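Colleague: Structure file data11.cif (mmCIF, C-alpha atoms) is given on the next line.
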data_input
#
loop_
_atom_site.label_atom_id
_atom_site.label_comp_id
_atom_site.auth_asym_id
_atom_site.auth_seq_id
_atom_site.Cartn_x
_atom_site.Cartn_y
_atom_site.Cartn_z
CA MET A 1 -19.79 -39.00 -30.26
CA LEU A 2 -23.26 -38.24 -28.80
CA LEU A 3 -22.44 -40.16 -25.63
CA SER A 4 -19.15 -38.32 -25.37
CA ARG A 5 -20.88 -34.94 -25.62
CA THR A 6 -23.54 -36.04 -23.14
CA GLY A 7 -20.83 -37.14 -20.73
CA ARG A 8 -19.05 -33.80 -20.98
CA ARG A 9 -22.30 -31.94 -20.33
CA ALA A 10 -22.97 -34.12 -17.29
CA LYS A 11 -19.50 -33.43 -15.90
CA LEU A 12 -19.94 -29.66 -16.37
CA ALA A 13 -23.35 -29.80 -14.70
CA LEU A 14 -21.89 -31.76 -11.79
CA LYS A 15 -19.07 -29.23 -11.39
CA GLY A 16 -21.64 -26.44 -11.30
CA ILE A 17 -23.63 -28.21 -8.61
CA ILE A 18 -20.51 -28.81 -6.52
CA PHE A 19 -19.44 -25.18 -6.94
CA ASP A 20 -22.86 -23.89 -5.86
CA THR A 21 -23.42 -26.27 -2.98
CA THR A 22 -20.01 -25.77 -1.38
CA ASN A 23 -19.84 -22.00 -1.89
CA LEU A 24 -16.47 -22.30 -3.59
CA GLN A 25 -16.60 -18.72 -4.79
CA GLU A 26 -17.00 -17.55 -1.23
CA LEU A 27 -14.03 -19.69 -0.21
CA LEU A 28 -11.96 -18.26 -3.05
CA ASP A 29 -12.87 -14.73 -1.98
CA ILE A 30 -11.83 -15.50 1.61
CA ARG A 31 -8.50 -16.91 0.46
CA ARG A 32 -7.93 -13.88 -1.77
CA MET A 33 -8.59 -11.56 1.14
CA GLN A 34 -6.34 -13.54 3.48
CA ALA A 35 -3.50 -13.39 0.94
CA ILE A 36 -3.94 -9.62 0.68
CA GLU A 37 -4.07 -9.13 4.44
CA ASP A 38 -1.04 -11.36 5.02
CA SER A 39 0.96 -9.33 2.49
CA MET A 40 -0.05 -6.04 4.15
CA GLY A 41 0.57 -7.43 7.63
CA PHE A 42 -2.77 -6.89 9.35
CA ARG A 43 -5.41 -9.65 9.39
CA GLY A 44 -8.94 -8.32 9.75
CA GLN A 45 -7.99 -4.67 9.20
CA TRP A 46 -8.02 -4.32 5.41
CA GLU A 47 -11.23 -2.31 5.19
CA GLU A 48 -10.22 0.18 7.90
CA HIS A 49 -6.73 0.62 6.47
CA ARG A 50 -8.24 1.31 3.06
CA ARG A 51 -10.87 3.71 4.38
CA PHE A 52 -8.38 5.62 6.50
CA GLN A 53 -5.73 6.05 3.81
CA ILE A 54 -7.93 7.57 1.14
CA SER A 55 -9.81 9.68 3.70
CA PHE A 56 -6.55 11.01 5.17
CA LEU A 57 -5.03 11.80 1.78
CA ARG A 58 -8.09 13.69 0.60
CA GLU A 59 -8.13 15.66 3.85
CA GLN A 60 -4.50 16.58 3.15
CA GLY A 61 -5.44 18.04 -0.21
CA LEU A 62 -5.02 15.21 -2.70
CA ASN A 63 -6.93 16.02 -5.87
CA PRO A 64 -7.43 14.05 -9.11
CA SER A 65 -4.79 16.02 -11.02
CA HIS A 66 -1.99 15.23 -8.59
CA ARG A 67 0.81 12.82 -9.42
CA PHE A 68 1.12 10.23 -6.66
CA LEU A 69 4.03 7.96 -5.72
CA ASP A 70 3.27 5.09 -3.33
CA ILE A 71 6.57 3.67 -2.00
CA GLY A 72 5.87 0.27 -0.47
CA CYS A 73 2.47 0.03 -2.15
CA GLY A 74 1.95 -3.64 -1.26
CA PRO A 75 -1.27 -5.19 -2.61
CA LEU A 76 -2.84 -1.70 -3.05
CA THR A 77 -4.77 -1.64 0.21
CA GLY A 78 -4.92 2.13 -0.07
CA GLY A 79 -3.80 2.21 -3.66
CA ILE A 80 -7.07 1.03 -5.22
CA PRO A 81 -9.20 3.97 -4.00
CA VAL A 82 -6.33 6.36 -4.79
CA ILE A 83 -6.10 5.03 -8.36
CA ALA A 84 -9.88 5.33 -8.69
CA TYR A 85 -9.76 8.94 -7.48
CA LEU A 86 -6.84 10.12 -9.61
CA ARG A 87 -6.86 10.85 -13.31
CA PRO A 88 -5.32 8.22 -15.60
CA ASN A 89 -1.52 7.84 -15.51
CA ASN A 90 -1.16 9.69 -12.18
CA TYR A 91 -0.50 6.74 -9.84
CA CYS A 92 2.82 4.95 -9.47
CA GLY A 93 3.33 2.19 -6.90
CA ILE A 94 6.65 0.64 -5.94
CA ASP A 95 7.31 -2.53 -3.98
CA ILE A 96 10.27 -4.86 -3.60
CA ARG A 97 8.09 -7.99 -3.61
CA SER A 98 7.10 -9.24 -7.06
CA SER A 99 4.62 -11.74 -5.58
CA VAL A 100 2.76 -8.93 -3.84
CA LEU A 101 2.68 -6.85 -7.02
CA ASN A 102 1.06 -9.84 -8.74
CA LEU A 103 -1.72 -9.56 -6.14
CA ALA A 104 -1.85 -5.81 -6.77
CA TRP A 105 -2.33 -6.22 -10.53
CA ARG A 106 -5.13 -8.68 -9.85
CA GLU A 107 -6.83 -6.13 -7.60
CA VAL A 108 -6.60 -3.49 -10.34
CA GLY A 109 -8.42 -5.85 -12.69
CA ILE A 110 -11.06 -6.85 -10.13
CA ALA A 111 -11.74 -3.16 -9.38
CA GLY A 112 -12.07 -2.40 -13.11
CA LEU A 113 -9.34 0.25 -12.99
CA SER A 114 -7.11 -0.83 -15.88
CA GLU A 115 -8.16 2.23 -17.85
CA LYS A 116 -6.55 4.40 -15.16
CA ASN A 117 -3.22 2.97 -16.34
CA PRO A 118 -1.47 2.79 -12.96
CA ARG A 119 2.21 1.91 -12.96
CA LEU A 120 3.39 -0.80 -10.58
CA ILE A 121 7.15 -1.21 -10.38
CA CYS A 122 9.15 -3.96 -8.71
CA SER A 123 12.28 -2.22 -7.48
CA THR A 124 15.17 -2.87 -5.12
CA SER A 125 16.18 0.80 -5.25
CA LEU A 126 12.93 2.45 -4.06
CA GLY A 127 12.39 3.50 -7.66
CA SER A 128 15.70 5.29 -8.05
CA ASP A 129 16.74 3.11 -11.00
CA GLU A 130 13.34 3.16 -12.71
CA LEU A 131 11.85 6.66 -12.42
CA GLY A 132 14.53 8.84 -13.95
CA ASP A 133 13.93 12.46 -12.93
CA GLU A 134 10.16 12.16 -12.41
CA GLN A 135 8.61 14.19 -9.60
CA PHE A 136 5.32 13.89 -7.75
CA ASN A 137 2.93 16.06 -5.76
CA PHE A 138 2.42 13.38 -3.11
CA VAL A 139 4.71 10.62 -1.90
CA PHE A 140 3.09 8.14 0.49
CA SER A 141 4.39 5.23 2.56
CA PHE A 142 1.98 3.47 4.88
CA SER A 143 3.42 0.89 7.29
CA VAL A 144 6.80 1.04 5.54
CA LEU A 145 9.44 3.17 7.27
CA TYR A 146 9.68 1.01 10.39
CA HIS A 147 10.56 -1.94 8.17
CA LEU A 148 13.67 -0.17 6.82
CA SER A 149 17.19 -0.45 8.19
CA ASN A 150 19.00 2.83 8.85
CA GLU A 151 20.86 2.46 5.56
CA LEU A 152 17.64 1.92 3.61
CA LEU A 153 15.94 4.75 5.47
CA GLN A 154 18.71 7.11 4.39
CA ALA A 155 18.19 5.94 0.80
CA TYR A 156 14.44 6.45 1.24
CA PHE A 157 14.83 10.09 2.29
CA ALA A 158 17.27 10.74 -0.56
CA GLN A 159 14.67 9.32 -2.93
CA VAL A 160 11.86 11.40 -1.41
CA ALA A 161 13.95 14.57 -1.74
CA ARG A 162 14.53 13.71 -5.39
CA ARG A 163 10.92 12.85 -6.16
CA LEU A 164 8.99 15.65 -4.47
CA ASP A 165 8.13 18.61 -6.64
CA PRO A 166 8.92 21.97 -4.97
CA SER A 167 5.55 22.16 -3.19
CA GLY A 168 5.10 18.42 -2.73
CA VAL A 169 4.74 16.50 0.51
CA CYS A 170 5.51 13.00 1.71
CA PHE A 171 3.38 11.30 4.38
CA ALA A 172 4.50 8.24 6.30
CA GLN A 173 3.44 6.76 9.62
CA VAL A 174 6.09 5.44 12.00
CA ASN A 175 6.40 3.21 15.04
CA THR A 176 7.54 5.08 18.14
CA HIS A 177 6.21 2.74 20.87
CA LEU A 178 6.49 -0.98 20.01
CA SER A 179 9.78 -2.79 20.65
CA ASP A 180 12.09 -3.88 17.83
CA SER A 181 11.23 -7.22 16.26
CA THR A 182 10.78 -8.72 12.78
CA TRP A 183 7.93 -9.17 10.30
CA LEU A 184 8.30 -11.73 7.53
CA GLN A 185 11.74 -11.02 6.01
CA PHE A 186 11.76 -7.41 7.23
CA PRO A 187 12.93 -5.76 10.45
CA PHE A 188 10.42 -3.98 12.67
CA VAL A 189 12.15 -0.93 14.11
CA ARG A 190 11.19 1.53 16.84
CA ARG A 191 12.55 5.04 16.35
CA THR A 192 11.73 8.42 17.83
CA VAL A 193 10.36 11.29 15.79
CA ALA A 194 13.69 13.02 16.50
CA ASP A 195 15.50 10.10 14.83
CA TYR A 196 13.41 10.53 11.69
CA ARG A 197 13.84 14.30 11.78
CA LEU A 198 17.64 14.03 11.83
CA MET A 199 17.76 11.53 8.99
CA ALA A 200 15.31 13.52 6.88
CA GLN A 201 17.24 16.72 7.55
CA ALA A 202 20.38 15.08 6.15
CA ALA A 203 18.50 14.73 2.86
CA GLY A 204 17.32 18.35 2.95
CA LEU A 205 13.81 17.61 4.20
CA LYS A 206 11.77 19.21 6.97
CA THR A 207 9.71 17.02 9.30
CA LYS A 208 6.37 17.68 10.96
CA SER A 209 4.44 15.31 13.21
CA LEU A 210 0.69 15.26 12.64
CA GLY A 211 0.05 13.14 15.74
CA THR A 212 -1.14 9.56 16.02
CA VAL A 213 -3.13 7.92 13.28
CA GLU A 214 -5.85 7.37 15.88
CA GLY A 215 -6.04 11.12 16.36
CA LEU A 216 -6.28 11.49 12.58
CA GLY A 217 -9.27 9.17 12.38
CA PHE A 218 -7.92 5.62 12.27
CA SER A 219 -10.51 3.63 14.19
CA HIS A 220 -9.14 0.10 14.59
CA PRO A 221 -8.23 -0.75 18.23
CA GLY A 222 -4.90 -2.42 17.35
CA GLU A 223 -1.55 -1.13 18.60
CA GLU A 224 -0.82 0.55 15.25
CA ARG A 225 -3.39 3.21 16.14
CA LEU A 226 -0.59 4.79 18.22
CA ASN A 227 1.75 5.14 15.25
CA GLU A 228 2.61 8.75 14.45
CA MET A 229 2.01 10.26 11.02
CA LEU A 230 4.91 12.37 9.77
CA ALA A 231 4.98 14.87 6.92
CA PHE A 232 8.21 15.53 5.04
CA SER A 233 8.71 18.47 2.70
CA ARG A 234 11.47 20.58 1.17
#
The structure in this file should be written as structure tokens.

Modeller:
Amino acid sequence: MLLSRTGRRAKLALKGIIFDTTNLQELLDIRRMQAIEDSMGFRGQWEEHRRFQISFLREQGLNPSHRFLDIGCGPLTGGIPVIAYLRPNNYCGIDIRSSVLNLAWREVGIAGLSEKNPRLICSTSLGSDELGDEQFNFVFSFSVLYHLSNELLQAYFAQVARRLDPSGVCFAQVNTHLSDSTWLQFPFVRRTVADYRLMAQAAGLKTKSLGTVEGLGFSHPGEERLNEMLAFSR
């Protein structure tokens, strides 16, 4: 029995030495970050995307009492600082990918934000089937609308019109310059601001362009800096 215990201790000590000498924790952190960046679509841009999103939203008047709906929340690139800023129960994130929401829940735990009680919903209906008649002060979709087909975009605007409270606003940035292609299992669509305006109008929404995200303070040199930020309201 003594030899058995001694052997177990020796194995644990050896594992600790291996872990320390090969910087396994650092490797695990790198893999975690790569998984997050792959699911958001931009390698090497996570920190700037996060900084820009919370900075932009606060500049647009987001305050801790607001109720916030994040359609296409992904792994909470911008969601984590928003959850931290809002009062408990005020954040709701929706994504169609359950695997990405698993990453998102992990990030909530790592950030120590479980007490904020965010809701993360896996939905194929943009939340239509899950949210009842709930309304929000802010609806936000970052790097989402250009991955939607025309049919899904129409459903998106119908959902936004249903979810915004009377004085609420939806912000979403769109691709107006890069050619159509694909990303993972999603389309990548170029549309004009006029295209979005017409489709939003059909759902009873007004559209305003705030200019490029670069002009709004996004500082990464990638092509997405030229995406336009649109505001939709009743």

Colleague: Restricting the calculation to only C-alpha atoms, which member of A:Thr176, A:Ser98, A:Ser128, A:Gln53 is positioned closest to A:Val82?

Modeller: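 Result for the nearest residue to A:Val82: A:Gln53.
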
Colleague: I need the output of the PyMOL selection byres ((chain A and resi 70) around 10) for this file as a list in words; which residues are they?

Modeller: Phe68, Leu69, Ile71, Gly72, Cys73, Gly74, Leu76, Gly78, Gly79, Val82, Tyr91, Cys92, Gly93, Ile94, Asp95, Leu120, Phe138, Val139, Phe140, Ser141, Phe142, Cys170 and Phe171 of chain A

Colleague: Can you give me, as a ChimeraX atom specification, the residues this file yields under the PyMOL selection byres ((chain A and resi 225) around 10)?

Modeller: /A:175,212-224,226-228

Colleague: Can I get the selected residues back with C-alpha atoms, as a PDB file, keeping the file's coordinate frame?

Modeller:
ATOM      1  CA  ASN A 175       6.400   3.210  15.040  1.00  0.00           C
ATOM      2  CA  THR A 212      -1.140   9.560  16.020  1.00  0.00           C
ATOM      3  CA  VAL A 213      -3.130   7.920  13.280  1.00  0.00           C
ATOM      4  CA  GLU A 214      -5.850   7.370  15.880  1.00  0.00           C
ATOM      5  CA  GLY A 215      -6.040  11.120  16.360  1.00  0.00           C
ATOM      6  CA  LEU A 216      -6.280  11.490  12.580  1.00  0.00           C
ATOM      7  CA  GLY A 217      -9.270   9.170  12.380  1.00  0.00           C
ATOM      8  CA  PHE A 218      -7.920   5.620  12.270  1.00  0.00           C
ATOM      9  CA  SER A 219     -10.510   3.630  14.190  1.00  0.00           C
ATOM     10  CA  HIS A 220      -9.140   0.100  14.590  1.00  0.00           C
ATOM     11  CA  PRO A 221      -8.230  -0.750  18.230  1.00  0.00           C
ATOM     12  CA  GLY A 222      -4.900  -2.420  17.350  1.00  0.00           C
ATOM     13  CA  GLU A 223      -1.550  -1.130  18.600  1.00  0.00           C
ATOM     14  CA  GLU A 224      -0.820   0.550  15.250  1.00  0.00           C
ATOM     15  CA  LEU A 226      -0.590   4.790  18.220  1.00  0.00           C
ATOM     16  CA  ASN A 227       1.750   5.140  15.250  1.00  0.00           C
ATOM     17  CA  GLU A 228       2.610   8.750  14.450  1.00  0.00           C
TER      18      GLU A 228
END

Colleague: Given 4 Å on each side, where is the centre and what are the edge lengths in Å to one decimal of the axis-aligned box enclosing the listed atoms of stretch 208-226 of chain A, as JSON?

Modeller:
{"center_x": -2.1, "center_y": 7.6, "center_z": 14.8, "size_x": 24.9, "size_y": 28.1, "size_z": 15.6}

Colleague: Output as JSON lines one row per residue of stretch 52-164 of chain A within 7 Å of stretch 186-191 of chain A: the closest atom pair and its distance in Å to one decimal place, counting only C-alpha atoms, sorted by chain and residue number ascending.

Modeller:
{"residue": "A:Tyr146", "atom": "CA", "partner": "A:Val189", "partner_atom": "CA", "distance": 4.9}
{"residue": "A:His147", "atom": "CA", "partner": "A:Phe188", "partner_atom": "CA", "distance": 4.9}
{"residue": "A:Leu148", "atom": "CA", "partner": "A:Pro187", "partner_atom": "CA", "distance": 6.7}

Colleague: Record the distance separating atom CA of A:Leu126 and atom CA of A:Ser209, expressed in Å with one decimal.

Modeller: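 So the answer is 23.1 Å.
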
Colleague: Taking only C-alpha atoms into account, which of A:Ala172, A:Ala203, A:Cys122, A:Val144 comes nearest A:Gln159?

Modeller: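 Residue with the minimum atom-to-atom distance to A:Gln159: A:Ala203.
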
Colleague: Could you list the residues chosen by the PyMOL selection byres ((chain A and resi 115) around 10) in this structure as a list in words?

Modeller: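 Selected by the PyMOL selection byres ((chain A and resi 115) around 10) here: Ala84, Arg87, Pro88, Asn89, Val108, Gly109, Gly112, Leu113, Ser114, Lys116, Asn117 and Pro118 of chain A.
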
Colleague: Between atom CA of A:Ala200 and atom CA of A:Asn63, measure the distance and give it in Å to one decimal.

Modeller: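 Atom-to-atom, atom CA of A:Ala200 and atom CA of A:Asn63 are spaced 25.8 Å apart.
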
Colleague: Given only C-alpha atoms as the basis, pick out the residue of A:Asn90, A:Thr77, A:Ser123, A:Ser167 nearest to A:Ala111.

Modeller: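 Nearest candidate to A:Ala111 out of A:Asn90, A:Thr77, A:Ser123, A:Ser167: A:Thr77.
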
Colleague: Using atom CA of A:Trp46 and atom CA of A:Trp105 as the two end points, give the distance in Å to one decimal.

Modeller: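 Between atom CA of A:Trp46 and atom CA of A:Trp105 the gap is 17.0 Å.
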
Colleague: Pick out the residues sitting within 8 Å of A:Glu107, and hand them over as a list in words; count all atoms listed in the file, and ignore anything fewer than 3 positions along from it in its own chain.

Modeller: Pro75, Leu76, Ile80, Leu103, Ala104, Ile110 and Ala111 of chain A

Colleague: Let me make sure I understand: among A:Leu101, A:Leu131, A:Ala158, A:Val174, which one has the smallest atom-to-atom distance to A:Asp195 if we use only C-alpha atoms?

Modeller: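 Among A:Leu101, A:Leu131, A:Ala158, A:Val174, it is A:Val174 that comes nearest to A:Asp195.
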
Colleague: Could you tell me which of A:Leu164, A:Leu210, A:Leu230, A:Leu57 comes closest to A:Arg197 if we count all atoms listed in the file?

Modeller: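 Once distances to A:Arg197 are computed over all atoms listed in the file, the minimum belongs to A:Leu230.
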
Colleague: My list of candidates is A:Arg51, A:Arg234, A:Arg67, A:Arg97. Which is closest to A:Val169 when distances are computed with all atoms listed in the file?

Modeller: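 Answer, going by the shortest atom-to-atom distance: A:Arg234.
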
Colleague: Got a sec to check which residues sit within 9 Å of (20.7, 10.1, 2.4), counting only C-alpha atoms, and write them as a PyMOL selection string?

Modeller: chain A and resi 151-159+199-200+202-204

Colleague: Got a minute to add N, CA and C atoms to stretch 160-181 of chain A and dump it as a compact mmCIF listing (two decimals), keeping the file's coordinate frame?

Modeller:
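That gives us selection16.txt:
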# COMPACT_ATOMS: atom_id res chain seq x y z
N VAL A 160 12.97 10.47 -1.61
CA VAL A 160 11.86 11.40 -1.41
C VAL A 160 12.27 12.82 -1.81
N ALA A 161 13.46 13.23 -1.39
CA ALA A 161 13.95 14.57 -1.74
C ALA A 161 14.07 14.73 -3.25
N ARG A 162 14.41 13.67 -3.92
CA ARG A 162 14.53 13.71 -5.39
C ARG A 162 13.18 13.71 -6.07
N ARG A 163 12.20 13.05 -5.49
CA ARG A 163 10.92 12.85 -6.16
C ARG A 163 9.88 13.94 -5.90
N LEU A 164 9.99 14.64 -4.78
CA LEU A 164 8.99 15.65 -4.47
C LEU A 164 9.16 16.87 -5.37
N ASP A 165 8.05 17.33 -5.95
CA ASP A 165 8.13 18.61 -6.64
C ASP A 165 8.26 19.71 -5.58
N PRO A 166 8.59 20.95 -5.97
CA PRO A 166 8.92 21.97 -4.97
C PRO A 166 7.87 22.17 -3.88
N SER A 167 6.60 21.99 -4.20
CA SER A 167 5.55 22.16 -3.19
C SER A 167 4.97 20.84 -2.72
N GLY A 168 5.63 19.73 -3.06
CA GLY A 168 5.10 18.42 -2.73
C GLY A 168 5.31 18.04 -1.28
N VAL A 169 4.64 16.97 -0.86
CA VAL A 169 4.74 16.50 0.51
C VAL A 169 4.72 14.98 0.53
N CYS A 170 5.47 14.44 1.48
CA CYS A 170 5.51 13.00 1.71
C CYS A 170 4.90 12.70 3.07
N PHE A 171 3.99 11.74 3.12
CA PHE A 171 3.38 11.30 4.38
C PHE A 171 3.78 9.86 4.66
N ALA A 172 4.16 9.60 5.90
CA ALA A 172 4.50 8.24 6.30
C ALA A 172 4.25 8.10 7.80
N GLN A 173 3.65 6.97 8.19
CA GLN A 173 3.44 6.76 9.62
C GLN A 173 4.53 5.86 10.17
N VAL A 174 4.92 6.11 11.43
CA VAL A 174 6.09 5.44 12.00
C VAL A 174 5.76 4.85 13.36
N ASN A 175 6.55 3.86 13.74
CA ASN A 175 6.40 3.21 15.04
C ASN A 175 7.32 3.88 16.05
N THR A 176 6.74 4.45 17.09
CA THR A 176 7.54 5.08 18.14
C THR A 176 7.35 4.40 19.50
N HIS A 177 6.59 3.30 19.56
CA HIS A 177 6.21 2.74 20.87
C HIS A 177 6.40 1.24 21.00
N LEU A 178 6.34 0.47 19.92
CA LEU A 178 6.49 -0.98 20.01
C LEU A 178 7.96 -1.38 19.87
N SER A 179 8.38 -2.38 20.64
CA SER A 179 9.78 -2.79 20.65
C SER A 179 10.21 -3.37 19.31
N ASP A 180 11.51 -3.32 19.05
CA ASP A 180 12.09 -3.88 17.83
C ASP A 180 11.76 -5.37 17.73
N SER A 181 11.48 -5.81 16.50
CA SER A 181 11.23 -7.22 16.26
C SER A 181 11.41 -7.46 14.76
